[in-house]
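*Asks:* The following file, final_10.json, comprises JSON, C-alpha atoms:
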[["chain", "number", "residue", "atom", "x", "y", "z"],
["A", 45, "MET", "CA", -0.60, 16.02, -2.79],
["A", 46, "ALA", "CA", 2.82, 16.27, -4.44],
["A", 47, "GLU", "CA", 2.63, 20.06, -4.64],
["A", 48, "SER", "CA", 1.72, 20.37, -0.95],
["A", 49, "ALA", "CA", 4.41, 17.90, 0.14],
["A", 50, "GLU", "CA", 7.08, 19.79, -1.78],
["A", 51, "LEU", "CA", 6.28, 23.03, 0.06],
["A", 52, "VAL", "CA", 6.79, 21.98, 3.66],
["A", 53, "LYS", "CA", 10.27, 20.43, 3.94],
["A", 54, "SER", "CA", 12.34, 22.24, 6.56],
["A", 55, "ASP", "CA", 15.76, 21.83, 8.17],
["A", 56, "LEU", "CA", 14.43, 22.03, 11.73],
["A", 57, "ASN", "CA", 17.74, 21.74, 13.57],
["A", 58, "GLY", "CA", 19.62, 24.00, 11.13],
["A", 59, "ASP", "CA", 22.51, 21.61, 10.55],
["A", 60, "GLY", "CA", 22.30, 21.90, 6.77],
["A", 61, "GLU", "CA", 21.39, 18.22, 6.31],
["A", 62, "TYR", "CA", 17.96, 16.69, 5.80],
["A", 63, "ASP", "CA", 17.49, 13.55, 7.84],
["A", 64, "SER", "CA", 15.22, 12.01, 10.45],
["A", 65, "ASN", "CA", 15.55, 15.15, 12.60],
["A", 66, "ASP", "CA", 13.75, 17.40, 10.11],
["A", 67, "LEU", "CA", 10.31, 18.12, 8.63],
["A", 68, "TRP", "CA", 9.22, 16.11, 5.58],
["A", 69, "GLY", "CA", 6.41, 16.30, 3.05],
["A", 70, "LEU", "CA", 5.83, 12.53, 3.02],
["A", 71, "LEU", "CA", 6.81, 9.86, 5.51],
["A", 72, "GLY", "CA", 6.62, 6.13, 4.84],
["A", 73, "GLU", "CA", 8.43, 3.21, 3.26],
["A", 74, "ASN", "CA", 8.97, 1.75, -0.21],
["A", 75, "TYR", "CA", 5.59, -0.02, -0.07],
["A", 76, "VAL", "CA", 4.04, 3.46, -0.25],
["A", 77, "THR", "CA", 5.08, 3.55, -3.92],
["A", 78, "TRP", "CA", 2.83, 0.56, -4.66],
["A", 79, "THR", "CA", 0.01, 1.99, -2.53],
["A", 80, "MET", "CA", 0.01, 5.25, -4.49],
["A", 81, "ALA", "CA", 0.35, 3.44, -7.82],
["A", 82, "LEU", "CA", -2.65, 1.20, -7.13],
["A", 83, "GLY", "CA", -4.65, 4.20, -5.94],
["A", 84, "ALA", "CA", -3.94, 5.96, -9.22],
["A", 85, "GLY", "CA", -5.13, 3.01, -11.31],
["A", 86, "PHE", "CA", -1.97, 0.94, -11.81],
["A", 87, "ARG", "CA", -2.76, -2.69, -12.65],
["A", 88, "CYS", "CA", -0.29, -5.57, -12.65],
["A", 89, "ALA", "CA", -2.91, -7.92, -14.12],
["A", 90, "GLU", "CA", -6.63, -7.94, -14.87],
["A", 91, "LYS", "CA", -9.16, -10.52, -16.00],
["A", 92, "ASP", "CA", -9.73, -11.08, -19.71],
["A", 93, "ALA", "CA", -12.94, -12.02, -21.53],
["A", 94, "ASP", "CA", -12.51, -15.65, -20.44],
["A", 95, "ASP", "CA", -12.25, -14.66, -16.75],
["A", 96, "LEU", "CA", -8.54, -15.50, -16.70],
["A", 97, "PRO", "CA", -5.68, -13.20, -15.62],
["A", 98, "ALA", "CA", -3.89, -11.18, -18.29],
["A", 99, "ILE", "CA", -0.71, -9.23, -17.62],
["A", 100, "THR", "CA", -1.25, -5.46, -17.97],
["A", 101, "PHE", "CA", 1.93, -4.39, -16.20],
["A", 102, "ASN", "CA", 3.58, -2.71, -19.18],
["A", 103, "SER", "CA", 0.57, -0.68, -20.35],
["A", 104, "GLU", "CA", 0.82, 2.97, -21.36],
["A", 105, "SER", "CA", -1.55, 3.97, -18.56],
["A", 106, "ASN", "CA", 0.76, 2.33, -16.03],
["A", 107, "PHE", "CA", 3.73, 4.26, -17.39],
["A", 108, "ASN", "CA", 1.78, 7.50, -16.93],
["A", 109, "VAL", "CA", 0.78, 6.55, -13.39],
["A", 110, "MET", "CA", 4.38, 5.86, -12.39],
["A", 111, "ASP", "CA", 5.50, 9.22, -13.76],
["A", 112, "LYS", "CA", 3.18, 10.90, -11.27],
["A", 113, "VAL", "CA", 3.97, 8.54, -8.40],
["A", 114, "MET", "CA", 7.72, 8.96, -8.79],
["A", 115, "ARG", "CA", 7.39, 12.74, -8.71],
["A", 116, "LEU", "CA", 6.66, 12.30, -5.01],
["A", 117, "ALA", "CA", 7.99, 8.87, -4.01],
["A", 118, "GLY", "CA", 11.25, 9.41, -5.86],
["A", 119, "ASN", "CA", 11.78, 12.96, -4.59],
["A", 120, "ARG", "CA", 14.45, 12.62, -1.90],
["A", 121, "ASP", "CA", 14.08, 16.30, -1.06],
["A", 122, "THR", "CA", 10.45, 15.73, -0.08],
["A", 123, "ALA", "CA", 9.83, 12.10, 0.91],
["A", 124, "LEU", "CA", 11.60, 10.19, 3.68],
["A", 125, "PHE", "CA", 11.22, 6.41, 3.46],
["A", 126, "ALA", "CA", 12.54, 3.91, 5.99],
["A", 127, "GLN", "CA", 14.74, 2.21, 3.40],
["A", 128, "ARG", "CA", 16.46, 5.53, 2.64],
["A", 129, "MET", "CA", 17.24, 6.52, 6.23],
["A", 130, "THR", "CA", 20.90, 6.83, 7.21],
["A", 131, "GLY", "CA", 22.66, 7.37, 10.51],
["A", 132, "VAL", "CA", 20.09, 5.49, 12.63],
["A", 133, "ASP", "CA", 20.41, 2.12, 14.36],
["A", 134, "ASP", "CA", 16.93, 0.84, 13.47],
["A", 135, "VAL", "CA", 15.12, 2.41, 10.50],
["A", 136, "TRP", "CA", 11.76, 0.84, 11.43],
["A", 137, "ALA", "CA", 11.92, 2.03, 15.02],
["A", 138, "THR", "CA", 12.88, 5.50, 13.76],
["A", 139, "LEU", "CA", 9.98, 5.47, 11.30],
["A", 140, "GLY", "CA", 7.61, 4.55, 14.14],
["A", 141, "GLN", "CA", 8.94, 7.35, 16.31],
["A", 142, "LEU", "CA", 8.67, 9.94, 13.55],
["A", 143, "SER", "CA", 5.15, 8.78, 12.69],
["A", 144, "ASN", "CA", 3.96, 9.71, 16.15],
["A", 145, "MET", "CA", 5.85, 12.98, 16.62],
["A", 146, "SER", "CA", 4.25, 16.38, 16.15],
["A", 147, "GLY", "CA", 5.52, 18.75, 13.50],
["A", 148, "ARG", "CA", 7.65, 16.24, 11.57],
["A", 149, "TRP", "CA", 5.59, 15.40, 8.48],
["A", 150, "LEU", "CA", 2.67, 16.63, 6.39],
["A", 151, "PHE", "CA", 1.57, 13.32, 4.84],
["A", 152, "ARG", "CA", 2.12, 9.82, 6.17],
["A", 153, "ILE", "CA", 0.96, 6.71, 4.32],
["A", 154, "GLY", "CA", 0.55, 3.65, 6.51],
["A", 155, "ALA", "CA", -1.49, 2.07, 9.27],
["A", 156, "LEU", "CA", -3.66, 4.24, 11.49],
["A", 157, "GLY", "CA", -1.76, 3.21, 14.61],
["A", 158, "ASN", "CA", -2.62, 3.50, 18.27],
["A", 159, "ALA", "CA", 0.20, 5.89, 19.09],
["A", 160, "LEU", "CA", -1.35, 8.68, 16.99],
["A", 161, "ARG", "CA", -3.86, 9.03, 19.81],
["A", 162, "GLU", "CA", -1.08, 10.59, 21.91],
["A", 163, "MET", "CA", 0.16, 12.99, 19.23],
["A", 164, "GLU", "CA", -0.35, 16.65, 20.12],
["A", 165, "ASP", "CA", -0.78, 17.82, 16.53],
["A", 166, "ASP", "CA", -4.24, 17.40, 15.11],
["A", 167, "TYR", "CA", -4.54, 15.04, 12.15],
["A", 168, "GLY", "CA", -7.08, 13.81, 9.64],
["A", 169, "VAL", "CA", -7.53, 10.82, 7.36],
["A", 170, "LEU", "CA", -7.50, 10.95, 3.55],
["A", 171, "PRO", "CA", -7.88, 8.28, 0.85],
["A", 172, "SER", "CA", -4.97, 7.51, -1.43],
["A", 173, "PRO", "CA", -5.01, 10.12, -4.23],
["A", 174, "LYS", "CA", -6.52, 9.41, -7.62],
["A", 175, "TYR", "CA", -4.54, 9.79, -10.83],
["A", 176, "ASP", "CA", -6.64, 12.82, -11.78],
["A", 177, "GLU", "CA", -10.13, 14.23, -11.33],
["A", 178, "SER", "CA", -11.58, 12.03, -14.09],
["A", 179, "GLN", "CA", -10.80, 8.78, -12.20],
["A", 180, "HIS", "CA", -14.26, 7.49, -11.28],
["A", 181, "ARG", "CA", -13.41, 5.88, -7.91],
["A", 182, "TYR", "CA", -10.73, 5.37, -5.27],
["A", 183, "TYR", "CA", -8.62, 2.22, -4.94],
["A", 184, "HIS", "CA", -6.94, 0.89, -1.79],
["A", 185, "ASP", "CA", -5.03, -2.28, -1.06],
["A", 186, "ALA", "CA", -5.06, -4.40, 2.05],
["A", 187, "SER", "CA", -1.46, -4.84, 3.18],
["A", 188, "LEU", "CA", 0.11, -7.61, 1.12],
["A", 189, "GLY", "CA", 3.04, -7.93, 3.53],
["A", 190, "ASN", "CA", 1.08, -8.31, 6.75],
["A", 191, "SER", "CA", -1.98, -10.32, 5.73],
["A", 192, "PRO", "CA", -2.53, -13.35, 8.00],
["A", 193, "ALA", "CA", -3.48, -16.67, 6.46],
["A", 194, "SER", "CA", -4.93, -19.91, 7.82],
["A", 195, "ALA", "CA", -4.31, -23.40, 6.55],
["A", 196, "VAL", "CA", -5.70, -26.89, 7.12],
["A", 197, "PRO", "CA", -2.88, -29.32, 7.99],
["A", 198, "ILE", "CA", -2.50, -32.52, 5.99],
["A", 199, "SER", "CA", -3.15, -34.47, 9.20],
["A", 200, "ALA", "CA", -6.72, -33.10, 9.51],
["A", 201, "ALA", "CA", -9.23, -35.95, 9.87],
["A", 202, "ASP", "CA", -11.79, -34.12, 7.72],
["A", 203, "ALA", "CA", -10.14, -31.37, 5.69],
["A", 204, "GLU", "CA", -13.39, -30.42, 3.95],
["A", 205, "LEU", "CA", -15.21, -29.93, 7.25],
["A", 206, "SER", "CA", -12.29, -27.90, 8.66],
["A", 207, "ALA", "CA", -12.30, -25.65, 5.60],
["A", 208, "PHE", "CA", -16.09, -25.21, 5.85],
["A", 209, "VAL", "CA", -15.88, -24.16, 9.52],
["A", 210, "MET", "CA", -13.04, -21.73, 8.81],
["A", 211, "GLU", "CA", -14.98, -20.16, 5.96],
["A", 212, "ALA", "CA", -18.14, -19.88, 8.09],
["A", 213, "MET", "CA", -16.24, -18.22, 10.95],
["A", 214, "SER", "CA", -14.55, -15.79, 8.57],
["A", 215, "CYS", "CA", -17.91, -14.87, 7.09],
["A", 216, "GLU", "CA", -19.48, -14.27, 10.50],
["A", 217, "SER", "CA", -16.45, -12.24, 11.56],
["A", 218, "PHE", "CA", -16.84, -10.05, 8.48],
["A", 219, "ILE", "CA", -20.56, -9.56, 9.12],
["A", 220, "ARG", "CA", -20.57, -9.20, 12.92],
["A", 221, "VAL", "CA", -17.10, -8.20, 14.14],
["A", 222, "LEU", "CA", -15.71, -5.93, 11.43],
["A", 223, "PRO", "CA", -18.49, -3.29, 11.68],
["A", 224, "ILE", "CA", -18.04, -3.09, 15.45],
["A", 225, "PHE", "CA", -14.27, -2.78, 15.04],
["A", 226, "TYR", "CA", -14.78, 0.17, 12.72],
["A", 227, "GLN", "CA", -17.46, 1.85, 14.81],
["A", 228, "ASN", "CA", -16.00, 1.33, 18.29],
["A", 229, "TYR", "CA", -12.31, 1.59, 17.50],
["A", 230, "LEU", "CA", -11.24, 3.13, 14.20],
["A", 231, "GLU", "CA", -14.05, 5.69, 14.00],
["A", 232, "THR", "CA", -14.09, 6.51, 17.72],
["A", 233, "LYS", "CA", -10.62, 6.12, 19.24],
["A", 234, "LEU", "CA", -8.30, 6.74, 16.29],
["A", 235, "VAL", "CA", -9.89, 9.71, 14.51],
["A", 236, "ARG", "CA", -10.70, 13.21, 15.69],
["A", 237, "ASP", "CA", -13.40, 14.51, 13.37],
["A", 238, "GLU", "CA", -16.45, 13.39, 11.39],
["A", 239, "ASP", "CA", -14.73, 14.01, 8.05],
["A", 240, "SER", "CA", -12.13, 11.38, 8.93],
["A", 241, "VAL", "CA", -14.88, 8.90, 9.76],
["A", 242, "GLU", "CA", -16.24, 9.37, 6.26],
["A", 243, "MET", "CA", -12.74, 8.99, 4.79],
["A", 244, "ILE", "CA", -12.23, 5.67, 6.60],
["A", 245, "ARG", "CA", -15.49, 4.42, 5.13],
["A", 246, "ILE", "CA", -14.36, 5.47, 1.66],
["A", 247, "VAL", "CA", -11.11, 3.54, 2.14],
["A", 248, "HIS", "CA", -12.92, 0.45, 3.41],
["A", 249, "ASN", "CA", -15.44, 0.51, 0.58],
["A", 250, "SER", "CA", -12.81, 0.92, -2.13],
["A", 251, "LEU", "CA", -10.52, -2.04, -1.42],
["A", 252, "TYR", "CA", -9.15, -3.53, -4.63],
["A", 253, "TYR", "CA", -7.20, -6.77, -5.01],
["A", 254, "ASP", "CA", -4.86, -6.81, -8.00],
["A", 255, "VAL", "CA", -4.39, -10.46, -8.92],
["A", 256, "GLY", "CA", -0.91, -9.78, -10.33],
["A", 257, "ALA", "CA", 0.21, -8.04, -7.16],
["A", 258, "LEU", "CA", -1.26, -10.78, -4.97],
["A", 259, "TYR", "CA", 0.62, -13.57, -6.72],
["A", 260, "ASN", "CA", 3.55, -11.26, -7.47],
["A", 261, "TRP", "CA", 4.58, -13.26, -10.54],
["A", 262, "GLY", "CA", 8.19, -12.59, -11.40],
["A", 263, "ASP", "CA", 8.42, -10.33, -8.36],
["A", 264, "MET", "CA", 6.55, -7.74, -10.43],
["A", 265, "ARG", "CA", 5.10, -5.78, -7.51],
["A", 266, "MET", "CA", 8.55, -5.41, -6.02],
["A", 267, "ILE", "CA", 9.65, -3.57, -9.16],
["A", 268, "ILE", "CA", 7.24, -0.82, -8.14],
["A", 269, "GLU", "CA", 8.31, -0.81, -4.51],
["A", 270, "ASN", "CA", 12.03, -0.87, -5.28],
["A", 271, "MET", "CA", 11.66, 1.98, -7.74],
["A", 272, "ALA", "CA", 11.53, 4.19, -4.65],
["A", 273, "ASN", "CA", 15.23, 3.45, -4.14],
["A", 274, "GLY", "CA", 15.88, 5.61, -7.19],
["A", 275, "SER", "CA", 14.33, 8.78, -8.51],
["A", 276, "GLU", "CA", 13.09, 7.89, -12.00],
["A", 277, "ASN", "CA", 10.32, 5.86, -13.59],
["A", 278, "THR", "CA", 12.14, 2.73, -14.84],
["A", 279, "LEU", "CA", 9.03, 0.61, -15.39],
["A", 280, "ALA", "CA", 9.61, -0.13, -19.08],
["A", 281, "THR", "CA", 13.21, -1.30, -18.80],
["A", 282, "LYS", "CA", 12.61, -3.27, -15.62],
["A", 283, "TYR", "CA", 9.68, -5.17, -17.06],
["A", 284, "VAL", "CA", 11.63, -6.29, -20.13],
["A", 285, "SER", "CA", 13.97, -8.23, -17.86],
["A", 286, "ILE", "CA", 11.18, -10.21, -16.18],
["A", 287, "ALA", "CA", 8.46, -10.41, -18.86],
["A", 288, "LYS", "CA", 9.06, -14.07, -19.76],
["A", 289, "VAL", "CA", 9.26, -15.15, -16.11],
["A", 290, "VAL", "CA", 6.05, -13.29, -15.27],
["A", 291, "GLN", "CA", 4.13, -14.95, -18.08],
["A", 292, "LYS", "CA", 5.51, -18.41, -17.28],
["A", 293, "GLN", "CA", 4.70, -18.16, -13.56],
["A", 294, "MET", "CA", 1.21, -16.85, -14.26],
["A", 295, "GLU", "CA", 0.47, -19.73, -16.62],
["A", 296, "LYS", "CA", 1.75, -22.18, -14.00],
["A", 297, "THR", "CA", -0.56, -20.68, -11.38],
["A", 298, "VAL", "CA", -3.58, -20.84, -13.68],
["A", 299, "LYS", "CA", -2.80, -24.45, -14.58],
["A", 300, "LYS", "CA", -2.65, -25.48, -10.91],
["A", 301, "ILE", "CA", -5.93, -23.74, -10.16],
["A", 302, "MET", "CA", -7.61, -25.38, -13.14],
["A", 303, "GLU", "CA", -6.35, -28.78, -12.05],
["A", 304, "GLY", "CA", -7.57, -28.18, -8.51],
["A", 305, "GLU", "CA", -4.15, -28.35, -6.86]]
Can you dump the structure from the file as structure tokens?

*Replies:*
Amino acid sequence: MAESAELVKSDLNGDGEYDSNDLWGLLGENYVTWTMALGAGFRCAEKDADDLPAITFNSESNFNVMDKVMRLAGNRDTALFAQRMTGVDDVWATLGQLSNMSGRWLFRIGALGNALREMEDDYGVLPSPKYDESQHRYYHDASLGNSPASAVPISAADAELSAFVMEAMSCESFIRVLPIFYQNYLETKLVRDEDSVEMIRIVHNSLYYDVGALYNWGDMRMIIENMANGSENTLATKYVSIAKVVQKQMEKTVKKIMEGE
């Protein structure tokens, strides 16, 4: 992916500057850095032998993953992220416009939005790349910044009943609605070939929830995202500054769960 992305960048308007008016190898935002890291096997935390979370953020395998990720995400000659755009009034609106324009990017990591249906260029869907060919499966995250949540208010007459109904409805939605959403919308209206249908199924069947990223103890996931603001893998030095906070916040979370709070 990195090799292909590095080949396509082009100064389309010939002004000698690379900006939102040109062709890029990768289009996205800082969150893409985390998406690629998770896909390549990065783990903020995993369960130990006692079924409790253990911080794995500063492992050697994670350092190796970030070296590969930053080759692409940190390459300002190849990747254009919203947070790095200059000379535009609204970086998110500009990102949305570029995402739906023909001939402006080779790879784009993000939601499979409606507007792609109007794009003249053909496109396909791919899973997030593995670290290497020996990685046994793909990994994908559900957006941690746009995930809706429901809560039972303290004023509920029967909180246990409310929670039971919410759980039952969520279960039925997963069983009955989600398959139809995939079949009648994602796999019919938003893709253009059978290979992409298979790719969507691979993505859906390889969701992975990293407990450390979900709780984001010590803002650890943001270290990965914000690394895209630079060009180097600074994982080791960044983690040293938050290691104690991460451990303390994780222990606090576990304690609350154990006490049923």

*Asks:* Just the number, please: distance in Å from atom CA of A:Thr77 to atom CA of A:Ile268, one decimal.

*Replies:* 6.4 Å

*Asks:* What does the structure give for the distance between atom CA of A:Ile153 and atom CA of A:Trp78, in Å to one decimal?

*Replies:*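 Computing the Euclidean distance for atom CA of A:Ile153 and atom CA of A:Trp78 yields 11.0 Å.
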
*Asks:* Which one of A:Arg148, A:His184, A:Arg245, A:Lys299 sits closest to A:Leu124 if you count all atoms listed in the file?

*Replies:*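 Checking each candidate against A:Leu124, we get A:Arg148 as the closest.
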
*Asks:* At a cut-off of 12 Å, using all atoms listed in the file, what residues contact A:Asn270? Leave out same-chain residues fewer than 5 positions from it and give the result as a PyMOL selection string.

*Replies:* chain A and resi 73-78+114+117-118+125+127-128+263-265+275-279+282

*Asks:* With distances taken over all atoms listed in the file, which residue among A:Gly69, A:Asp165, A:Pro173, A:Gly83 lies nearest A:Ser48?

*Replies:* A:Gly69

*Asks:* Looking at A:Val235, A:Tyr283, A:Leu160, A:Val255, which one is nearest to A:Ser103, with distances taken over all atoms listed in the file?

*Replies:*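 Comparing A:Val235, A:Tyr283, A:Leu160, A:Val255 against A:Ser103, the winner is A:Tyr283.
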
*Asks:* Skip A:Glu162 itself and residues of its chain fewer than 6 positions away, then list as number ranges by chain all residues within 10 Å of it, counting only C-alpha atoms.

*Replies:* A: 144-146, 234

*Asks:* Write out, as a PDB file, keeping the file's coordinate frame, the residues just selected, with C-alpha atoms.

*Replies:*
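This went into selection_39.pdb:
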ATOM      1  CA  ASN A 144       3.960   9.710  16.150  1.00  0.00           C
ATOM      2  CA  MET A 145       5.850  12.980  16.620  1.00  0.00           C
ATOM      3  CA  SER A 146       4.250  16.380  16.150  1.00  0.00           C
ATOM      4  CA  LEU A 234      -8.300   6.740  16.290  1.00  0.00           C
TER       5      LEU A 234
END

*Asks:* Fewer than 6 positions away in the same chain doesn't count, so skip those; otherwise give me all residues within 10 Å of A:Leu96, counting all atoms listed in the file, as a list in words.

*Replies:* Ala89, Glu90, Glu295 and Val298 of chain A

*Asks:* Taking C-alpha atoms for each residue, export the selection above as a short mmCIF file (atom, residue, chain, number, x, y, z; two decimals), in the frame of the given file.

*Replies:*
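Produced file part06.cif, reproduced below:
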data_model
loop_
_atom_site.label_atom_id
_atom_site.label_comp_id
_atom_site.auth_asym_id
_atom_site.auth_seq_id
_atom_site.Cartn_x
_atom_site.Cartn_y
_atom_site.Cartn_z
CA ALA A 89 -2.91 -7.92 -14.12
CA GLU A 90 -6.63 -7.94 -14.87
CA GLU A 295 0.47 -19.73 -16.62
CA VAL A 298 -3.58 -20.84 -13.68
#

*Asks:* Can you measure atom CA of A:Ser199 to atom CA of A:Ser217 for me? One decimal in Å is fine.

*Replies:* 26.0 Å

*Asks:* Should you be able to, write stretch 84-111 of chain A of this structure into a file that contains N, CA and C atoms, as a JSON list (two decimals), in the first residue's frame.

*Replies:*
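The resulting out_19.json:
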[["chain", "number", "residue", "atom", "x", "y", "z"],
["A", 84, "ALA", "N", -2.61, -3.61, 11.64],
["A", 84, "ALA", "CA", -1.32, -4.29, 11.56],
["A", 84, "ALA", "C", -0.94, -5.00, 12.85],
["A", 85, "GLY", "N", -1.88, -5.05, 13.82],
["A", 85, "GLY", "CA", -1.63, -5.82, 15.03],
["A", 85, "GLY", "C", -1.25, -5.02, 16.26],
["A", 86, "PHE", "N", -1.31, -3.69, 16.20],
["A", 86, "PHE", "CA", -0.98, -2.87, 17.36],
["A", 86, "PHE", "C", -2.02, -3.12, 18.47],
["A", 87, "ARG", "N", -1.54, -3.23, 19.70],
["A", 87, "ARG", "CA", -2.44, -3.46, 20.84],
["A", 87, "ARG", "C", -2.07, -2.51, 21.98],
["A", 88, "CYS", "N", -3.05, -1.70, 22.39],
["A", 88, "CYS", "CA", -2.85, -0.84, 23.56],
["A", 88, "CYS", "C", -2.88, -1.67, 24.84],
["A", 89, "ALA", "N", -3.80, -2.63, 24.90],
["A", 89, "ALA", "CA", -3.93, -3.51, 26.07],
["A", 89, "ALA", "C", -4.58, -4.81, 25.64],
["A", 90, "GLU", "N", -4.25, -5.89, 26.34],
["A", 90, "GLU", "CA", -4.86, -7.19, 26.10],
["A", 90, "GLU", "C", -5.17, -7.83, 27.44],
["A", 91, "LYS", "N", -5.93, -8.91, 27.41],
["A", 91, "LYS", "CA", -6.27, -9.61, 28.65],
["A", 91, "LYS", "C", -5.14, -10.52, 29.08],
["A", 92, "ASP", "N", -4.93, -10.61, 30.41],
["A", 92, "ASP", "CA", -3.90, -11.52, 30.93],
["A", 92, "ASP", "C", -4.54, -12.85, 31.31],
["A", 93, "ALA", "N", -3.78, -13.70, 31.98],
["A", 93, "ALA", "CA", -4.25, -15.04, 32.34],
["A", 93, "ALA", "C", -5.44, -15.01, 33.29],
["A", 94, "ASP", "N", -5.60, -13.90, 34.02],
["A", 94, "ASP", "CA", -6.71, -13.75, 34.96],
["A", 94, "ASP", "C", -7.91, -13.02, 34.35],
["A", 95, "ASP", "N", -7.87, -12.85, 33.02],
["A", 95, "ASP", "CA", -8.96, -12.19, 32.30],
["A", 95, "ASP", "C", -9.08, -10.71, 32.66],
["A", 96, "LEU", "N", -7.96, -10.10, 33.02],
["A", 96, "LEU", "CA", -7.92, -8.69, 33.35],
["A", 96, "LEU", "C", -7.04, -7.97, 32.33],
["A", 97, "PRO", "N", -7.28, -6.67, 32.09],
["A", 97, "PRO", "CA", -6.48, -5.95, 31.10],
["A", 97, "PRO", "C", -5.04, -5.75, 31.55],
["A", 98, "ALA", "N", -4.13, -5.86, 30.60],
["A", 98, "ALA", "CA", -2.70, -5.63, 30.85],
["A", 98, "ALA", "C", -2.19, -4.71, 29.75],
["A", 99, "ILE", "N", -1.48, -3.68, 30.12],
["A", 99, "ILE", "CA", -0.98, -2.71, 29.14],
["A", 99, "ILE", "C", 0.12, -3.36, 28.28],
["A", 100, "THR", "N", -0.06, -3.28, 26.97],
["A", 100, "THR", "CA", 0.92, -3.82, 26.02],
["A", 100, "THR", "C", 1.40, -2.74, 25.06],
["A", 101, "PHE", "N", 1.11, -1.51, 25.40],
["A", 101, "PHE", "CA", 1.36, -0.37, 24.51],
["A", 101, "PHE", "C", 2.81, -0.25, 24.08],
["A", 102, "ASN", "N", 3.73, -0.49, 25.01],
["A", 102, "ASN", "CA", 5.15, -0.26, 24.71],
["A", 102, "ASN", "C", 5.88, -1.53, 24.34],
["A", 103, "SER", "N", 5.20, -2.46, 23.66],
["A", 103, "SER", "CA", 5.84, -3.71, 23.26],
["A", 103, "SER", "C", 6.69, -3.51, 22.01],
["A", 104, "GLU", "N", 7.63, -4.42, 21.81],
["A", 104, "GLU", "CA", 8.51, -4.34, 20.64],
["A", 104, "GLU", "C", 7.72, -4.49, 19.34],
["A", 105, "SER", "N", 6.70, -5.35, 19.36],
["A", 105, "SER", "CA", 5.89, -5.54, 18.15],
["A", 105, "SER", "C", 5.16, -4.25, 17.79],
["A", 106, "ASN", "N", 4.71, -3.50, 18.80],
["A", 106, "ASN", "CA", 4.05, -2.23, 18.53],
["A", 106, "ASN", "C", 5.01, -1.21, 17.92],
["A", 107, "PHE", "N", 6.25, -1.20, 18.40],
["A", 107, "PHE", "CA", 7.25, -0.30, 17.82],
["A", 107, "PHE", "C", 7.44, -0.61, 16.34],
["A", 108, "ASN", "N", 7.51, -1.90, 16.01],
["A", 108, "ASN", "CA", 7.70, -2.30, 14.62],
["A", 108, "ASN", "C", 6.50, -1.92, 13.76],
["A", 109, "VAL", "N", 5.31, -2.09, 14.31],
["A", 109, "VAL", "CA", 4.10, -1.71, 13.58],
["A", 109, "VAL", "C", 4.12, -0.22, 13.25],
["A", 110, "MET", "N", 4.45, 0.61, 14.23],
["A", 110, "MET", "CA", 4.43, 2.05, 14.01],
["A", 110, "MET", "C", 5.50, 2.50, 13.02],
["A", 111, "ASP", "N", 6.60, 1.79, 12.93],
["A", 111, "ASP", "CA", 7.59, 2.11, 11.91],
["A", 111, "ASP", "C", 6.97, 2.02, 10.52]]
